[in-house]
Amino acid sequence: MPWRTLLAALALALGIVTLAAVPARAVQPDEILADPALEARARAISEGLRCLVCQNQSIDDSDAPLAKDLRLLVRERLKSGDSDLEVVDFIVARYGEFVLLKPRLSRETALLWFATPAVFVAALLLIWLAYRRARAGTKDPAPLSAREKRRLKGLLDER
């Protein structure tokens, strides 16, 4: 296979993989606001809100009817003059903290925020302790005492 053909095939494969990795947006053209600044704010907010049907996608990425309703609600609240925080607070008040893809730091979510770093630090500590034990075990053993030498000689003589 000539190099040019191989490079073209490689470039095509890389392009396909790159396009496949880009998430598809579910926002419909009829949802988009005329004001680009307001639309950018709506997108930023909706990327942080969880689709309650899909649960692992933002409402910006979900095709579920509830996600569309939430996108429209976000845009409606922004058009009425709410700040970004007021829009998020309104949706959280209506649907609960679960609607946030990145939960707020509070007493209820402290375990969620700090469990992973705590487990990571504990794993590092265990690795460090295991390394220290392994290094301590590689030292030359103490020489046999006279009693141990006699016992060893006795065991070898029995064979």
# chains A, B, ... in the order shown; residues from 1 in each chain; ligands from 1

$ residues_around --residues "Ser58 of chain A" --least-positions-apart "6" --cutoff "6 Å" --atoms "only C-alpha atoms" --output "PyMOL selection string"
chain A and resi 47+49-51

$ write_last_selection --atoms "C-alpha atoms" --output "JSON list (two decimals), in the first residue's frame"
[["chain", "number", "residue", "atom", "x", "y", "z"],
["A", 47, "GLU", "CA", -25.03, 21.86, 30.46],
["A", 49, "LEU", "CA", -28.52, 20.35, 34.68],
["A", 50, "ARG", "CA", -29.19, 16.60, 34.68],
["A", 51, "CYS", "CA", -31.86, 15.05, 32.49]]

$ closest_residue --among "A:Leu52, A:Arg151, A:Ala34, A:Ile45" --to "Arg77 of chain A" --atoms "only C-alpha atoms"
A:Ile45

$ residues_around --residues "Thr109 of chain A" --least-positions-apart "5" --cutoff "12 Å" --atoms "only C-alpha atoms" --output "PDB file with N, CA and C atoms, in the first residue's frame"
ATOM      1  N   GLU A  97     -31.936  18.717  44.481  1.00  0.00           N
ATOM      2  CA  GLU A  97     -30.497  18.810  44.207  1.00  0.00           C
ATOM      3  C   GLU A  97     -30.039  17.798  43.159  1.00  0.00           C
ATOM      4  N   PHE A  98     -30.787  16.719  42.997  1.00  0.00           N
ATOM      5  CA  PHE A  98     -30.400  15.676  42.052  1.00  0.00           C
ATOM      6  C   PHE A  98     -30.309  16.204  40.624  1.00  0.00           C
ATOM      7  N   LEU A 100     -28.843  18.714  39.559  1.00  0.00           N
ATOM      8  CA  LEU A 100     -27.534  19.304  39.271  1.00  0.00           C
ATOM      9  C   LEU A 100     -26.531  18.199  38.926  1.00  0.00           C
ATOM     10  N   LYS A 102     -23.343  18.694  38.807  1.00  0.00           N
ATOM     11  CA  LYS A 102     -22.252  18.931  39.755  1.00  0.00           C
ATOM     12  C   LYS A 102     -22.904  19.464  41.031  1.00  0.00           C
ATOM     13  N   PRO A 103     -23.144  18.587  42.006  1.00  0.00           N
ATOM     14  CA  PRO A 103     -23.872  19.020  43.206  1.00  0.00           C
ATOM     15  C   PRO A 103     -23.114  20.089  43.990  1.00  0.00           C
ATOM     16  N   ARG A 104     -23.879  20.890  44.667  1.00  0.00           N
ATOM     17  CA  ARG A 104     -23.292  21.946  45.495  1.00  0.00           C
ATOM     18  C   ARG A 104     -22.659  21.327  46.740  1.00  0.00           C
ATOM     19  N   PHE A 114     -15.895  14.460  49.210  1.00  0.00           N
ATOM     20  CA  PHE A 114     -14.612  14.141  49.835  1.00  0.00           C
ATOM     21  C   PHE A 114     -14.286  12.646  49.886  1.00  0.00           C
ATOM     22  N   ALA A 115     -15.213  11.779  49.519  1.00  0.00           N
ATOM     23  CA  ALA A 115     -14.948  10.340  49.580  1.00  0.00           C
ATOM     24  C   ALA A 115     -13.850   9.930  48.601  1.00  0.00           C
TER      25      ALA A 115
END

$ atom_distance --atom1 "atom CA of Gly48 of chain A" --atom2 "atom CA of Thr116 of chain A"
20.7 Å

$ residues_around --residues "Leu73 of chain A" --least-positions-apart "5" --cutoff "9 Å" --atoms "only C-alpha atoms" --output "ChimeraX atom specification"
/A:68,78,87,91

$ select_by_dssp --residues "segment 36-136 of chain A" --states "alpha helix (DSSP H)" --output "ChimeraX atom specification"
/A:36-47,65-79,84-95,110-136

$ atom_distance --atom1 "atom CA of Leu125 of chain A" --atom2 "atom CA of Ala142 of chain A"
29.0 Å

$ atom_distance --atom1 "atom CA of Lys79 of chain A" --atom2 "atom CA of Asn56 of chain A"
27.5 Å

$ decode --residues "segment 65-120 of chain A" --atoms "C-alpha atoms" --output "PDB file, in the first residue's frame"
ATOM      1  CA  PRO A  65     -39.340  15.442  26.251  1.00  0.00           C
ATOM      2  CA  LEU A  66     -38.718  16.430  29.888  1.00  0.00           C
ATOM      3  CA  ALA A  67     -35.249  17.689  28.951  1.00  0.00           C
ATOM      4  CA  LYS A  68     -36.797  19.825  26.207  1.00  0.00           C
ATOM      5  CA  ASP A  69     -39.285  21.222  28.723  1.00  0.00           C
ATOM      6  CA  LEU A  70     -36.437  22.079  31.089  1.00  0.00           C
ATOM      7  CA  ARG A  71     -34.457  23.754  28.281  1.00  0.00           C
ATOM      8  CA  LEU A  72     -37.505  25.847  27.403  1.00  0.00           C
ATOM      9  CA  LEU A  73     -38.027  26.692  31.078  1.00  0.00           C
ATOM     10  CA  VAL A  74     -34.400  27.853  31.404  1.00  0.00           C
ATOM     11  CA  ARG A  75     -34.775  30.088  28.333  1.00  0.00           C
ATOM     12  CA  GLU A  76     -38.127  31.418  29.536  1.00  0.00           C
ATOM     13  CA  ARG A  77     -36.679  32.359  32.935  1.00  0.00           C
ATOM     14  CA  LEU A  78     -33.671  34.039  31.302  1.00  0.00           C
ATOM     15  CA  LYS A  79     -35.928  36.059  28.964  1.00  0.00           C
ATOM     16  CA  SER A  80     -37.923  37.215  31.992  1.00  0.00           C
ATOM     17  CA  GLY A  81     -34.737  38.692  33.479  1.00  0.00           C
ATOM     18  CA  ASP A  82     -33.614  36.062  36.004  1.00  0.00           C
ATOM     19  CA  SER A  83     -29.911  35.722  36.723  1.00  0.00           C
ATOM     20  CA  ASP A  84     -28.156  32.415  36.064  1.00  0.00           C
ATOM     21  CA  LEU A  85     -28.182  31.604  39.784  1.00  0.00           C
ATOM     22  CA  GLU A  86     -31.891  32.420  40.067  1.00  0.00           C
ATOM     23  CA  VAL A  87     -32.686  30.087  37.163  1.00  0.00           C
ATOM     24  CA  VAL A  88     -30.680  27.231  38.700  1.00  0.00           C
ATOM     25  CA  ASP A  89     -32.194  27.863  42.146  1.00  0.00           C
ATOM     26  CA  PHE A  90     -35.705  27.811  40.637  1.00  0.00           C
ATOM     27  CA  ILE A  91     -35.097  24.443  38.954  1.00  0.00           C
ATOM     28  CA  VAL A  92     -33.422  22.987  42.062  1.00  0.00           C
ATOM     29  CA  ALA A  93     -36.373  24.144  44.185  1.00  0.00           C
ATOM     30  CA  ARG A  94     -38.735  22.409  41.786  1.00  0.00           C
ATOM     31  CA  TYR A  95     -36.800  19.153  41.137  1.00  0.00           C
ATOM     32  CA  GLY A  96     -34.307  18.875  44.014  1.00  0.00           C
ATOM     33  CA  GLU A  97     -30.497  18.810  44.207  1.00  0.00           C
ATOM     34  CA  PHE A  98     -30.400  15.676  42.052  1.00  0.00           C
ATOM     35  CA  VAL A  99     -31.036  17.824  38.967  1.00  0.00           C
ATOM     36  CA  LEU A 100     -27.534  19.304  39.271  1.00  0.00           C
ATOM     37  CA  LEU A 101     -24.823  17.358  37.423  1.00  0.00           C
ATOM     38  CA  LYS A 102     -22.252  18.931  39.755  1.00  0.00           C
ATOM     39  CA  PRO A 103     -23.872  19.020  43.206  1.00  0.00           C
ATOM     40  CA  ARG A 104     -23.292  21.946  45.495  1.00  0.00           C
ATOM     41  CA  LEU A 105     -20.988  21.510  48.484  1.00  0.00           C
ATOM     42  CA  SER A 106     -23.165  21.166  51.579  1.00  0.00           C
ATOM     43  CA  ARG A 107     -23.483  18.981  54.652  1.00  0.00           C
ATOM     44  CA  GLU A 108     -25.572  16.488  52.696  1.00  0.00           C
ATOM     45  CA  THR A 109     -23.081  16.232  49.826  1.00  0.00           C
ATOM     46  CA  ALA A 110     -19.816  16.407  51.797  1.00  0.00           C
ATOM     47  CA  LEU A 111     -19.336  12.640  51.620  1.00  0.00           C
ATOM     48  CA  LEU A 112     -19.886  12.747  47.868  1.00  0.00           C
ATOM     49  CA  TRP A 113     -17.268  15.482  47.464  1.00  0.00           C
ATOM     50  CA  PHE A 114     -14.612  14.141  49.835  1.00  0.00           C
ATOM     51  CA  ALA A 115     -14.948  10.340  49.580  1.00  0.00           C
ATOM     52  CA  THR A 116     -12.918  10.008  46.383  1.00  0.00           C
ATOM     53  CA  PRO A 117      -9.978  12.143  47.547  1.00  0.00           C
ATOM     54  CA  ALA A 118     -10.024  10.373  50.928  1.00  0.00           C
ATOM     55  CA  VAL A 119      -9.924   6.943  49.288  1.00  0.00           C
ATOM     56  CA  PHE A 120      -7.114   8.128  47.010  1.00  0.00           C
TER      57      PHE A 120
END
